[in-house]
Amino acid sequence: MSWAGGVIMVETTKNTAISTTWGTKIAKPVQPKVAGKLISKAKRPLLVVGGDVLDEDLLKRAIQIGKKGIPIAATGHSMKGFVDADVDAKYVNIHSLGLYLGDPQWHGLDGNGQYDLIIVLAHKKYYINQVLSGIRNFTDLKTLSIDRNYIQNADMSFGKLDKETHLKALDELIENL
Amino acid sequence: MSWAGGVIMVETTKNTAISTTWGTKIAKPVQPKVAGKLISKAKRPLLVVGGDVLDEDLLKRAIQIGKKGIPIAATGHSMKGFVDADVDAKYVNIHSLGLYLGDPQWHGLDGNGQYDLIIVLAHKKYYINQVLSGIRNFTDLKTLSIDRNYIQNADMSFGKLDKETHLKALDELIENL
Amino acid sequence: MSQIKTGNFSIEELENVHITIGSVVGAIEKEAEVEEDVGPTPCPGIKDLREWDFKLFNRYEPIYTPVCDQCCYCTFGKCDLSKNKEGACGIDLASHQAREFLLRVITGAAAHSAHGRHLLHYLIDKYGADHPIDVGASNLKTPIIQLVTGSQPETLGDLEKALDYVEEQLTQLLATIQVGQEGASIDFESKALHGGMIDHVGMEVSDVAQISCLNMPKSEENTSFSELGMGCIDSDKPMVLTIGHNVAAVTHIIDYIDEKGLDDEIELGGLCCTALDMSRYKSEGGASPISKVIGPISKELKFIRSGVPDVIVVDEQCVRADVLREAKELSMPVIATNEKIMYGLKDRTNDDVEDIVSDLVSGKEAGALILDFDKVGEIAVRVAREIAPVRKDKGLTAIPSDTEFQELVNRCIHCQLCENACPVNLPISDAFRAAESEDMGELEKLHDLCIGCGKCEPVCPKDIPVLNVIEKASKKAIREERGRVRVGRGQISDPEIREEGVNLVLGTTPGIIAMVGCSNYPEGTKDIYKIADEMLRRNYIVVVSGCAAMDLGMYQDDDGNTLYEKYPAKFSKGNLINVGSCVSNSHIAATAIKVAAIFAQRQISGNYEEIADYVMNRIGATALAWGAYSQKASAIASGCNRLGIPVIVGPHGSKYRRALIGRPYSEEKWTVYDARNGEIMPIASVPEFLITTAGSVEEVMPMLAKNCIRPSDNNMGRMIKLTHYIELSQKYLGVLPNDWHIFVRNEQDLPLAKRDELLKILESEHGWEIDWKKKKILSGPSMKFDISAQPTNLERLCRGQEV
Amino acid sequence: MSQIKTGNFSIEELENVHITIGSVVGAIEKEAEVEEDVGPTPCPGIKDLREWDFKLFNRYEPIYTPVCDQCCYCTFGKCDLSKNKEGACGIDLASHQAREFLLRVITGAAAHSAHGRHLLHYLIDKYGADHPIDVGASNLKTPIIQLVTGSQPETLGDLEKALDYVEEQLTQLLATIQVGQEGASIDFESKALHGGMIDHVGMEVSDVAQISCLNMPKSEENTSFSELGMGCIDSDKPMVLTIGHNVAAVTHIIDYIDEKGLDDEIELGGLCCTALDMSRYKSEGGASPISKVIGPISKELKFIRSGVPDVIVVDEQCVRADVLREAKELSMPVIATNEKIMYGLKDRTNDDVEDIVSDLVSGKEAGALILDFDKVGEIAVRVAREIAPVRKDKGLTAIPSDTEFQELVNRCIHCQLCENACPVNLPISDAFRAAESEDMGELEKLHDLCIGCGKCEPVCPKDIPVLNVIEKASKKAIREERGRVRVGRGQISDPEIREEGVNLVLGTTPGIIAMVGCSNYPEGTKDIYKIADEMLRRNYIVVVSGCAAMDLGMYQDDDGNTLYEKYPAKFSKGNLINVGSCVSNSHIAATAIKVAAIFAQRQISGNYEEIADYVMNRIGATALAWGAYSQKASAIASGCNRLGIPVIVGPHGSKYRRALIGRPYSEEKWTVYDARNGEIMPIASVPEFLITTAGSVEEVMPMLAKNCIRPSDNNMGRMIKLTHYIELSQKYLGVLPNDWHIFVRNEQDLPLAKRDELLKILESEHGWEIDWKKKKILSGPSMKFDISAQPTNLERLCRGQEV
């Protein structure tokens, strides 16, 4: 199967079943490579991770993304995973973050200004969908989910993946950063 | 463009934009030929027409369908169009019809028993969507919209069509009855 | 607080306490208990009329047409309930729809009752709790309150007790919306009817209170007329526009104008029921109102965008949420006068009038919250007068100029997103295409069909202000949009009932058509005019209220007469009666109660079930809320339904989620008892529904006629009703009704002019035996005609059944 | 009804009238007006505390996370409001979300208040309106009622007036849900806080009434314990299961058991707050309850499916909608005892007890509606005893046998539709896969995580009863699911407040953590135990109520002690207090009011704003509704918020649609006045929110500690609080908080053990000047420490500002 001139390594756009709707919009399924390119092209991306990132395999990859220079908002208790990781990670409550992200006066977690692409990873599905519902309706930010679940309220999202495929997809994404 | 071994004469599956959702289900877009076959295969189809059928071009086609032996439920004030048409048309209020259709005790408009496929044509979009919402959630009937608008609460529907295409689509459908 | 126990006692020791006894609460309750003429259910709780409701649902089944398959009430969810699945709390889709409907009903009931409470606080404050209730030539002043609560309020203060009851019941009902409460759809349905009944109490309190205090017409036949329509405003004058339903604040504007003699200097016009109630204020005895009625909510955005108003005064209900935003664009100050709508505005209630006027005129503030109505009266008028010259100079309007218009029309890319968003799916794209070729006709056609919601605009990818374009194209139509509405008269008086009751019960007056509700019409405003005109010509009594009453008056015949001028306004066949505003709807249901009380001498206090049974079986009344849009309409309809009055709503009404419809083919459901002996009598399947929708005015006409048929009709009455049913079906559907024969009990029920033809059909198609010599039906009818039969659904009312 | 005007008058002529004076209404109102110690807002209407609300919103901004982008309130729609578009009535998404939140709040408030009204009718009927209010060793018996309404009820009868006020306000608020009312989100927000405040009045009425009448503990420290958990029921005995929140009917079951001496013959257990209130009934003075507590709503389906109950008695609230359907499957009769939940059951209230018992035992009827509580008491017990042997014989349970279990597990096709439908997205598919290989561990793990909603089942294409499979695999866990809960004690007494007030205001008691709400936990029941244990070890006062109070007691330490046995129950640091059921939540907010009244000698009657200001600035309390699920929680939280108490809810709480969160980086928002002179003082950004969510218990712990910091802390207090904040952040997040330094006013605020380390960081990372010899901060802090400063948000309270 081909996509836009490239070979797809990991297929992440299947299994986008939803059980309820918020409205007429749902996330566009996205392949890892495209996701990687999108992040690379962003001026101020922010990786927002949740507590589930403390899973060893996921944490490793989140740190790899962080090491590519992407700042990390460590929500929930995920901060614990980044303490000695030498990445730009800061704790923030995700609901507060949802508020700040929509505020043009906010200078970002590091004081360097607002973000333009929000990447979410390792959250409770229902929780991140709610946070993204706010962002989607009240800000102009682009959002991208690279989580294991299909996160319908992001602008773009992987489909629902098994753990192994998810890790491979993240690897492919990281390669494309 | 090919479909299931046949040539598509009139393309009716585009333009299925919706402005609001009722839930996670929306009508599957359908081509006229498929719609025609579906009706032909049904044991007890019922064509439910609304007041907009009094448009001359539409009425002609509704009568043609009726002449193929499909009984017609003439809702709203559409009965006026069938008075001397020599088709099996009977007036019924569409909301009442929605109730009767879900009742296994009902013997149909003609006393010959319940229906298995409900075909809708020439209704107010918002009204038929509501009636179909009830049918969809509380009965096991199959529903098919061959209206000009995309009727999302049917099981299958044409997309939104301009008048001319719609008439052609109906013609193609009639050919396939 | 202290409680004094029941008993004979001396309370002399209270003499040295400085008190007001708000109301001698217990006294009334006690009295009610001992008086023998209070029925079994004074102040019923949720369960007390449940058996009656279940009887209704046995025949009229709830049918659900969900607007959403999901439930999002609690954080266990949200849940997909499609295909009647259970959600996280165990509720299924049917029960959730019934709950949603209940929520709509109690929201509407709360709107009316909270309006009533506000008004009552205001009126008691101004006129005293002792102020007597006076609604005109009636002993039966508050039929609904009496029927429901069992007591008969005599003063404003007494009305408070009725509202206490209403508020307690509404709180009980609202509690059941909470997740983890009722589990059965049928019990949610009963609760919804309870809410509807409560709603009518709230409405009656509101209207009776204002009629009693504000010099509104009191059951008057010859009330005056109010000018009507967007076209009736002299836009050269400063204009105060009022919007809403609660006339309290607005009366102070009229008083100020009166006091200062500014009648000729200023235009005072209103949208929605505040407008109707403004026209009733001080219009007792045929006096003419100084205010004008612009129209219902569908005109709100259109009229504001026209730029004509100079200041807007809002109170509560049916006020668009964007009034402040829209008005600000055109430098129209907005004065909010009610806690329910405050728009985030600064509370200026205690500020100096001069400061407020200056802040509003200068544009320093876009609006003000002012809860002191004397100040509102003065400020509204002064601001309008001061700001008008400036505003007119600037030519402030949202309507595009000719050049702008053409540019906007050409900008359209025909993506049809506006059509998708349009609640009535108007062919906007085609109309724009026509306008590109300078044919404005198609756009102009949209004006009357358009409900003025503005949803087309935010979805337009080219930022075309679609509504403004339509309005621009419709300038001529708007200028001609002027008519007259008869000032609301309040209740039907006892003497009128005494005279007309027999005709209604025997059917010789073919029926009462109550046209109520708002402007959410499927095919434009004229719908309502067509229906009224047809039914009036057929001698039905047409009773109207609220925005339907306005829209009716928008059309004139060739002689320049509106229906109000064409038809007299007595409670008698072929008459057209405007009872008043939204809360005056209570008088319509009250009319049926009055017939039972005055004509049939039934005891009504706390005797709900018996009276509802009487109404359902004997009073041929059908309500039509053709443009129903808000939760209030569902409350009003449910109140009618519990009382046995069927209601038809327009096609949009399917979005109320549930109808109550009978199955005419289930014969076992269509029986009553004959109260004379308890025998079961078959009846024809009418009313065929308690609430349903119809698709077009043409469909509605025969439905109205048919659903005025009642078991109590005598031969003459039945013949008259059947004649209209058959004629209307033939006229509008082109055919004899499928079911006309089921209404025939003997040959005398047959329409005279068609008797032979119909007898033939009965013989050939239905196998009835006819004695052609005598033109008599020998066999066939499934029911017999017996003028002295006493149809009832209540076994307990049958002779020999008294407990 | 008659109205007697204000004045000195003789009412001797009333002597020959047989009356009850329900309440001397006006008298109280008058009294209140003349007494000088009533504040500015007795019985506030919607607008009266709006300015206070606006102050709150200025700092704590509403942030909306819609559960749905559409509005379906009226038939103009439905409307897509995504991207904050306006709908057909002009409302935008933000305002609609605020309105939806308001609707949740008033629904919850109505649930509590309607419960209170029902209870009060019942108690007045039984004990008389004169029955005195008695809540224990307190003069301040009804702090919330007094604060809000300005009056001090002394008897049950007096409580009715408070409810009248509540019901009027709820009706006003419900009215604003109607389309065409409020247009500004900020005003909907103010209305939501109004509803929250009203809710606490309703809750206080409910609990105070029952405490006063039902021999419930009255501010007792040493209440007894109730057995707890699905594992605590002896399934060999007949069992009566009660479900709901309203203890009225249930007391009659206990009375019947007592009367007949059946304690040992029957198991009486309850789900949700009825269970807690059953355990309080007759438990005054340390008496032990005969009833047991099964658990919260998450156990409801599980426990019914177990087949253990023999009869189910439901009252109101938190009762699954499918109880009748589920119970019927297992031949468990259901007795409905409240108008709010009638399940469509036949009303048997007036039927003969023998007939009802026989119909239920024989299975002729699946249940009965019985509103006569004496009958309920007898019938519930008799039916349980008669039906139990039959039911046990048949081995009725929904839990599969071993063979069935394996078949069901193998039937799974791993389509994951169940996981998609699961509110917490449990890895059901993987657990089934493990079970296929006979590893039950994964399924067993789900048991505690599963909230027992059953949504997995209708979506299963293979008709697997997923919940039953999980429960089968968890039999051992369920058997071990037993603990103890301390019987709810009611209010905190005046003397306790007198003793502890100073510690709270100065911060030497680090804070009050109020753990409330239900069982919608993100990671299972143990969450709540972990939090309480951690905070108690740190000397926080932990106050619990409702289902959170149950779940806490489910876990035991190695010595077999629950937290209730580990920690004493006085209102003092390091104590764990269970106030009681859901409506006892009012006592938690009341505690803060009591501190203001008793410790600080503030006048509270009708003085809401001042007291809320006091609470917000001086009382370090944070509420945690970790498992909040229903509308009630949003009402309780909003009542806390208006009073200045911040609330954290679990991640599911994001589905309440809106949070109120401050922006710590907006420095201008974080100031107060110093009441001594009106000077503006900067403060640290705490509480940082009024309501927000957190993702995990680990995140919550430092949040709790931080948000107990208050401007009024003295150095010792601030040091203690900061120590906990820093330690908890390090323990659970692995790092120093980003913002710890903003709480440092001088070196004495620094945690003693870490002072040097922290001073270094202040110097190196924040550029503060340190005098290292004296270990003193020379410059850096953005605010000064002044023990005598009087922080307030109300300019009017500043010296020289009195009007």
# chains A, B, ... in the order shown; residues from 1 in each chain; ligands from 1
>>> interface_residues(of="chain C", to="chain A", cutoff="10 Å", atoms="only C-alpha atoms", output="list in words")
Asp69, Gln70, Cys71, Cys72, Gly77, Lys78, Cys79, Asp80, Leu81 and Ser82 of chain C
>>> select_by_dssp(residues="segment 52-241 of chain D", states="strand (DSSP E)", output="list in words")
Glu61, Pro62, Ile63, Tyr64, Gln70, Cys71, Cys79, Asp80, Phe225, Ser226, Glu227, Leu228, Met239, Val240 and Leu241 of chain D
>>> calpha_fit_and_write(fixed="chain A", moving="chain B", output="JSON list (two decimals) with C-alpha atoms, in the first residue's frame")
[["chain", "number", "residue", "atom", "x", "y", "z"],
["B", 1, "MET", "CA", 0.26, -0.02, -0.16],
["B", 2, "SER", "CA", 1.61, 3.38, -0.94],
["B", 3, "TRP", "CA", 1.07, 6.72, 0.53],
["B", 4, "ALA", "CA", 2.15, 10.04, -0.93],
["B", 5, "GLY", "CA", 5.18, 8.56, -2.54],
["B", 6, "GLY", "CA", 6.41, 6.68, 0.51],
["B", 7, "VAL", "CA", 6.09, 3.17, 1.85],
["B", 8, "ILE", "CA", 4.03, 2.79, 4.97],
["B", 9, "MET", "CA", 5.96, 0.97, 7.65],
["B", 10, "VAL", "CA", 3.35, 0.84, 10.36],
["B", 11, "GLU", "CA", -0.30, 1.19, 9.52],
["B", 12, "THR", "CA", -1.95, 3.38, 12.14],
["B", 13, "THR", "CA", -5.10, 4.61, 10.43],
["B", 14, "LYS", "CA", -7.39, 1.63, 10.87],
["B", 15, "ASN", "CA", -9.67, 0.89, 13.80],
["B", 16, "THR", "CA", -10.99, 4.36, 14.40],
["B", 17, "ALA", "CA", -14.28, 3.17, 15.85],
["B", 18, "ILE", "CA", -15.94, 5.58, 18.22],
["B", 19, "SER", "CA", -18.62, 4.85, 20.76],
["B", 20, "THR", "CA", -20.07, 8.33, 21.09],
["B", 21, "THR", "CA", -19.82, 11.59, 19.23],
["B", 22, "TRP", "CA", -19.16, 15.11, 20.42],
["B", 23, "GLY", "CA", -20.45, 16.55, 17.17],
["B", 24, "THR", "CA", -19.72, 16.29, 13.49],
["B", 25, "LYS", "CA", -15.95, 16.47, 13.67],
["B", 26, "ILE", "CA", -13.63, 13.57, 14.34],
["B", 27, "ALA", "CA", -9.90, 13.24, 14.13],
["B", 28, "LYS", "CA", -8.34, 12.44, 10.79],
["B", 29, "PRO", "CA", -6.45, 9.16, 11.06],
["B", 30, "VAL", "CA", -2.76, 9.71, 10.55],
["B", 31, "GLN", "CA", 0.28, 7.60, 9.65],
["B", 32, "PRO", "CA", 3.45, 7.82, 11.77],
["B", 33, "LYS", "CA", 5.51, 9.32, 9.01],
["B", 34, "VAL", "CA", 3.03, 12.12, 8.39],
["B", 35, "ALA", "CA", 2.79, 12.73, 12.09],
["B", 36, "GLY", "CA", 6.57, 12.96, 12.28],
["B", 37, "LYS", "CA", 6.72, 15.44, 9.42],
["B", 38, "LEU", "CA", 3.98, 17.52, 10.97],
["B", 39, "ILE", "CA", 5.89, 17.76, 14.21],
["B", 40, "SER", "CA", 9.09, 18.61, 12.41],
["B", 41, "LYS", "CA", 7.40, 21.38, 10.50],
["B", 42, "ALA", "CA", 5.82, 22.92, 13.59],
["B", 43, "LYS", "CA", 7.46, 26.03, 14.98],
["B", 44, "ARG", "CA", 6.56, 25.40, 18.61],
["B", 45, "PRO", "CA", 5.37, 21.86, 19.15],
["B", 46, "LEU", "CA", 4.56, 20.65, 22.66],
["B", 47, "LEU", "CA", 4.42, 17.04, 23.66],
["B", 48, "VAL", "CA", 1.81, 16.58, 26.37],
["B", 49, "VAL", "CA", 2.18, 13.29, 28.15],
["B", 50, "GLY", "CA", -0.06, 11.68, 30.74],
["B", 51, "GLY", "CA", 0.57, 9.29, 33.59],
["B", 52, "ASP", "CA", 0.53, 6.22, 31.36],
["B", 53, "VAL", "CA", 3.88, 7.31, 29.96],
["B", 54, "LEU", "CA", 5.56, 5.72, 32.97],
["B", 55, "ASP", "CA", 5.34, 2.44, 31.12],
["B", 56, "GLU", "CA", 8.98, 1.66, 30.37],
["B", 57, "ASP", "CA", 8.62, 1.27, 26.62],
["B", 58, "LEU", "CA", 6.58, 4.41, 26.23],
["B", 59, "LEU", "CA", 8.80, 6.45, 28.48],
["B", 60, "LYS", "CA", 11.82, 5.55, 26.45],
["B", 61, "ARG", "CA", 10.14, 6.89, 23.33],
["B", 62, "ALA", "CA", 8.79, 9.99, 24.97],
["B", 63, "ILE", "CA", 12.31, 10.79, 26.11],
["B", 64, "GLN", "CA", 13.59, 10.19, 22.59],
["B", 65, "ILE", "CA", 11.06, 12.70, 21.30],
["B", 66, "GLY", "CA", 12.09, 15.09, 24.01],
["B", 67, "LYS", "CA", 15.69, 14.70, 23.03],
["B", 68, "LYS", "CA", 14.80, 15.84, 19.55],
["B", 69, "GLY", "CA", 14.21, 19.20, 21.14],
["B", 70, "ILE", "CA", 10.50, 18.98, 21.68],
["B", 71, "PRO", "CA", 9.47, 20.41, 25.05],
["B", 72, "ILE", "CA", 7.38, 18.15, 27.22],
["B", 73, "ALA", "CA", 4.43, 19.03, 29.39],
["B", 74, "ALA", "CA", 4.46, 16.28, 32.00],
["B", 75, "THR", "CA", 0.88, 16.06, 33.21],
["B", 76, "GLY", "CA", -0.59, 13.86, 35.90],
["B", 77, "HIS", "CA", 2.30, 12.23, 37.71],
["B", 78, "SER", "CA", 4.30, 11.58, 34.56],
["B", 79, "MET", "CA", 7.04, 13.99, 35.69],
["B", 80, "LYS", "CA", 8.53, 11.17, 37.68],
["B", 81, "GLY", "CA", 9.70, 9.60, 34.45],
["B", 82, "PHE", "CA", 11.66, 12.61, 33.27],
["B", 83, "VAL", "CA", 13.53, 13.61, 36.39],
["B", 84, "ASP", "CA", 16.97, 12.61, 35.19],
["B", 85, "ALA", "CA", 16.22, 12.29, 31.51],
["B", 86, "ASP", "CA", 17.83, 15.46, 30.31],
["B", 87, "VAL", "CA", 14.81, 16.62, 28.39],
["B", 88, "ASP", "CA", 12.90, 19.86, 28.69],
["B", 89, "ALA", "CA", 10.01, 18.48, 30.75],
["B", 90, "LYS", "CA", 7.91, 20.39, 33.24],
["B", 91, "TYR", "CA", 5.02, 19.34, 35.38],
["B", 92, "VAL", "CA", 1.70, 21.00, 34.68],
["B", 93, "ASN", "CA", -1.88, 20.01, 35.42],
["B", 94, "ILE", "CA", -3.52, 19.18, 32.13],
["B", 95, "HIS", "CA", -6.73, 21.04, 32.82],
["B", 96, "SER", "CA", -4.77, 24.19, 33.67],
["B", 97, "LEU", "CA", -2.70, 23.61, 30.57],
["B", 98, "GLY", "CA", -5.91, 23.51, 28.55],
["B", 99, "LEU", "CA", -6.71, 26.98, 29.85],
["B", 100, "TYR", "CA", -3.23, 28.42, 29.33],
["B", 101, "LEU", "CA", -2.96, 27.05, 25.80],
["B", 102, "GLY", "CA", -5.84, 29.22, 24.69],
["B", 103, "ASP", "CA", -4.36, 32.35, 26.22],
["B", 104, "PRO", "CA", -2.31, 34.48, 23.84],
["B", 105, "GLN", "CA", -0.76, 36.16, 26.90],
["B", 106, "TRP", "CA", 0.79, 32.92, 28.10],
["B", 107, "HIS", "CA", 4.47, 32.53, 27.50],
["B", 108, "GLY", "CA", 4.63, 28.78, 27.55],
["B", 109, "LEU", "CA", 6.10, 26.44, 30.11],
["B", 110, "ASP", "CA", 9.54, 27.82, 29.39],
["B", 111, "GLY", "CA", 8.68, 31.47, 28.83],
["B", 112, "ASN", "CA", 9.40, 31.20, 25.12],
["B", 113, "GLY", "CA", 5.89, 31.84, 23.93],
["B", 114, "GLN", "CA", 2.80, 30.00, 22.80],
["B", 115, "TYR", "CA", 2.73, 26.67, 21.03],
["B", 116, "ASP", "CA", 1.35, 25.84, 17.60],
["B", 117, "LEU", "CA", 1.08, 22.05, 17.67],
["B", 118, "ILE", "CA", -0.03, 19.99, 20.62],
["B", 119, "ILE", "CA", 0.97, 16.34, 20.55],
["B", 120, "VAL", "CA", -0.69, 14.08, 23.09],
["B", 121, "LEU", "CA", 0.53, 10.74, 24.35],
["B", 122, "ALA", "CA", -0.26, 8.29, 27.14],
["B", 123, "HIS", "CA", -3.45, 9.72, 28.57],
["B", 124, "LYS", "CA", -6.70, 8.33, 29.82],
["B", 125, "LYS", "CA", -8.80, 8.32, 26.69],
["B", 126, "TYR", "CA", -11.86, 9.99, 28.18],
["B", 127, "TYR", "CA", -9.81, 12.65, 29.92],
["B", 128, "ILE", "CA", -7.72, 13.72, 26.98],
["B", 129, "ASN", "CA", -10.80, 13.75, 24.77],
["B", 130, "GLN", "CA", -12.39, 16.26, 27.12],
["B", 131, "VAL", "CA", -9.34, 18.45, 27.29],
["B", 132, "LEU", "CA", -9.09, 18.37, 23.50],
["B", 133, "SER", "CA", -12.78, 19.18, 23.22],
["B", 134, "GLY", "CA", -12.06, 22.48, 24.89],
["B", 135, "ILE", "CA", -8.98, 23.14, 22.79],
["B", 136, "ARG", "CA", -10.77, 22.24, 19.58],
["B", 137, "ASN", "CA", -13.71, 24.53, 20.19],
["B", 138, "PHE", "CA", -12.06, 27.50, 21.81],
["B", 139, "THR", "CA", -8.60, 27.78, 20.30],
["B", 140, "ASP", "CA", -7.02, 27.55, 16.85],
["B", 141, "LEU", "CA", -4.28, 25.18, 17.93],
["B", 142, "LYS", "CA", -3.60, 22.07, 15.91],
["B", 143, "THR", "CA", -3.63, 18.86, 17.90],
["B", 144, "LEU", "CA", -2.20, 15.47, 17.12],
["B", 145, "SER", "CA", -2.67, 12.30, 19.10],
["B", 146, "ILE", "CA", 0.02, 9.63, 18.92],
["B", 147, "ASP", "CA", -1.63, 7.58, 21.62],
["B", 148, "ARG", "CA", -2.57, 3.92, 21.53],
["B", 149, "ASN", "CA", -6.23, 4.83, 21.41],
["B", 150, "TYR", "CA", -8.02, 6.65, 18.66],
["B", 151, "ILE", "CA", -8.52, 10.10, 20.20],
["B", 152, "GLN", "CA", -11.40, 11.50, 18.24],
["B", 153, "ASN", "CA", -11.24, 15.07, 19.51],
["B", 154, "ALA", "CA", -7.74, 15.67, 18.25],
["B", 155, "ASP", "CA", -7.38, 17.06, 14.76],
["B", 156, "MET", "CA", -5.34, 14.03, 13.78],
["B", 157, "SER", "CA", -4.87, 10.74, 15.57],
["B", 158, "PHE", "CA", -3.55, 7.25, 15.30],
["B", 159, "GLY", "CA", -6.26, 4.62, 15.29],
["B", 160, "LYS", "CA", -6.62, 2.13, 18.15],
["B", 161, "LEU", "CA", -3.47, 0.06, 18.15],
["B", 162, "ASP", "CA", -2.14, -2.88, 20.07],
["B", 163, "LYS", "CA", 0.83, -2.11, 22.23],
["B", 164, "GLU", "CA", 3.43, -3.56, 19.94],
["B", 165, "THR", "CA", 2.20, -1.72, 16.86],
["B", 166, "HIS", "CA", 1.98, 1.44, 18.86],
["B", 167, "LEU", "CA", 5.60, 1.25, 19.88],
["B", 168, "LYS", "CA", 6.65, 0.59, 16.31],
["B", 169, "ALA", "CA", 4.57, 3.51, 15.13],
["B", 170, "LEU", "CA", 6.29, 5.75, 17.64],
["B", 171, "ASP", "CA", 9.64, 4.52, 16.44],
["B", 172, "GLU", "CA", 8.74, 5.33, 12.87],
["B", 173, "LEU", "CA", 7.52, 8.72, 13.96],
["B", 174, "ILE", "CA", 10.74, 9.41, 15.82],
["B", 175, "GLU", "CA", 12.73, 8.47, 12.77],
["B", 176, "ASN", "CA", 10.86, 11.11, 10.86],
["B", 177, "LEU", "CA", 11.50, 13.92, 13.28]]
>>> select_by_dssp(residues="segment 324-497 of chain C", states="helix (DSSP H, G or I)", output="ChimeraX atom specification")
/C:324-329,353-361,373-394,402-411,417-421,428-436,441-449,466-473,475-479,494-497
>>> closest_residue(among="C:Ile63, C:Met515, C:Ile777, C:Ala175", to="Gly108 of chain D", atoms="only C-alpha atoms")
C:Ala175
>>> residues_around(residues="Tyr725 of chain C", least_positions_apart="6", cutoff="7 Å", atoms="only C-alpha atoms", output="PyMOL selection string")
chain C and resi 702+705-706
>>> atom_distance(atom1="atom CA of Pro238 of chain D", atom2="atom CA of Thr337 of chain D")
20.3 Å
>>> residues_around(residues="Glu182 of chain D", least_positions_apart="6", cutoff="9 Å", atoms="only C-alpha atoms", output="list of chain:residue names")
C:Glu316, C:Gln317, C:Val319, C:Arg320, C:Ala321, C:Glu339, C:Lys340, C:Ile341, C:Met342, C:Tyr343, D:Ile91, D:Ser95, D:Arg99, D:Thr176, D:Phe188
>>> atom_distance(atom1="atom CA of Ser519 of chain D", atom2="atom CA of Ala368 of chain D")
29.1 Å
>>> atom_distance(atom1="atom CA of Gly344 of chain C", atom2="atom CA of Ser331 of chain C")
17.5 Å
>>> residues_around(residues="Leu759 of chain C", least_positions_apart="5", cutoff="9 Å", atoms="only C-alpha atoms", output="list in words")
Glu747, Leu750, Lys754, Ser764, Trp768, Ile770, Trp772, Lys775, Lys776 and Ile777 of chain C
>>> residues_around(residues="segment 550-558 of chain C", least_positions_apart="6", cutoff="7 Å", atoms="only C-alpha atoms", output="list of chain:residue names")
C:Leu228, C:Gly229, C:Gly295, C:Glu481, C:Arg482, C:Gly483, C:Arg484, C:Val485, C:Thr525, C:Ile528, C:Tyr529, C:Tyr564
>>> residues_around(residues="segment 684-691 of chain D", least_positions_apart="2", cutoff="6 Å", atoms="only C-alpha atoms", output="ChimeraX atom specification")
/D:641,646-648,659-662,664,670,707,743
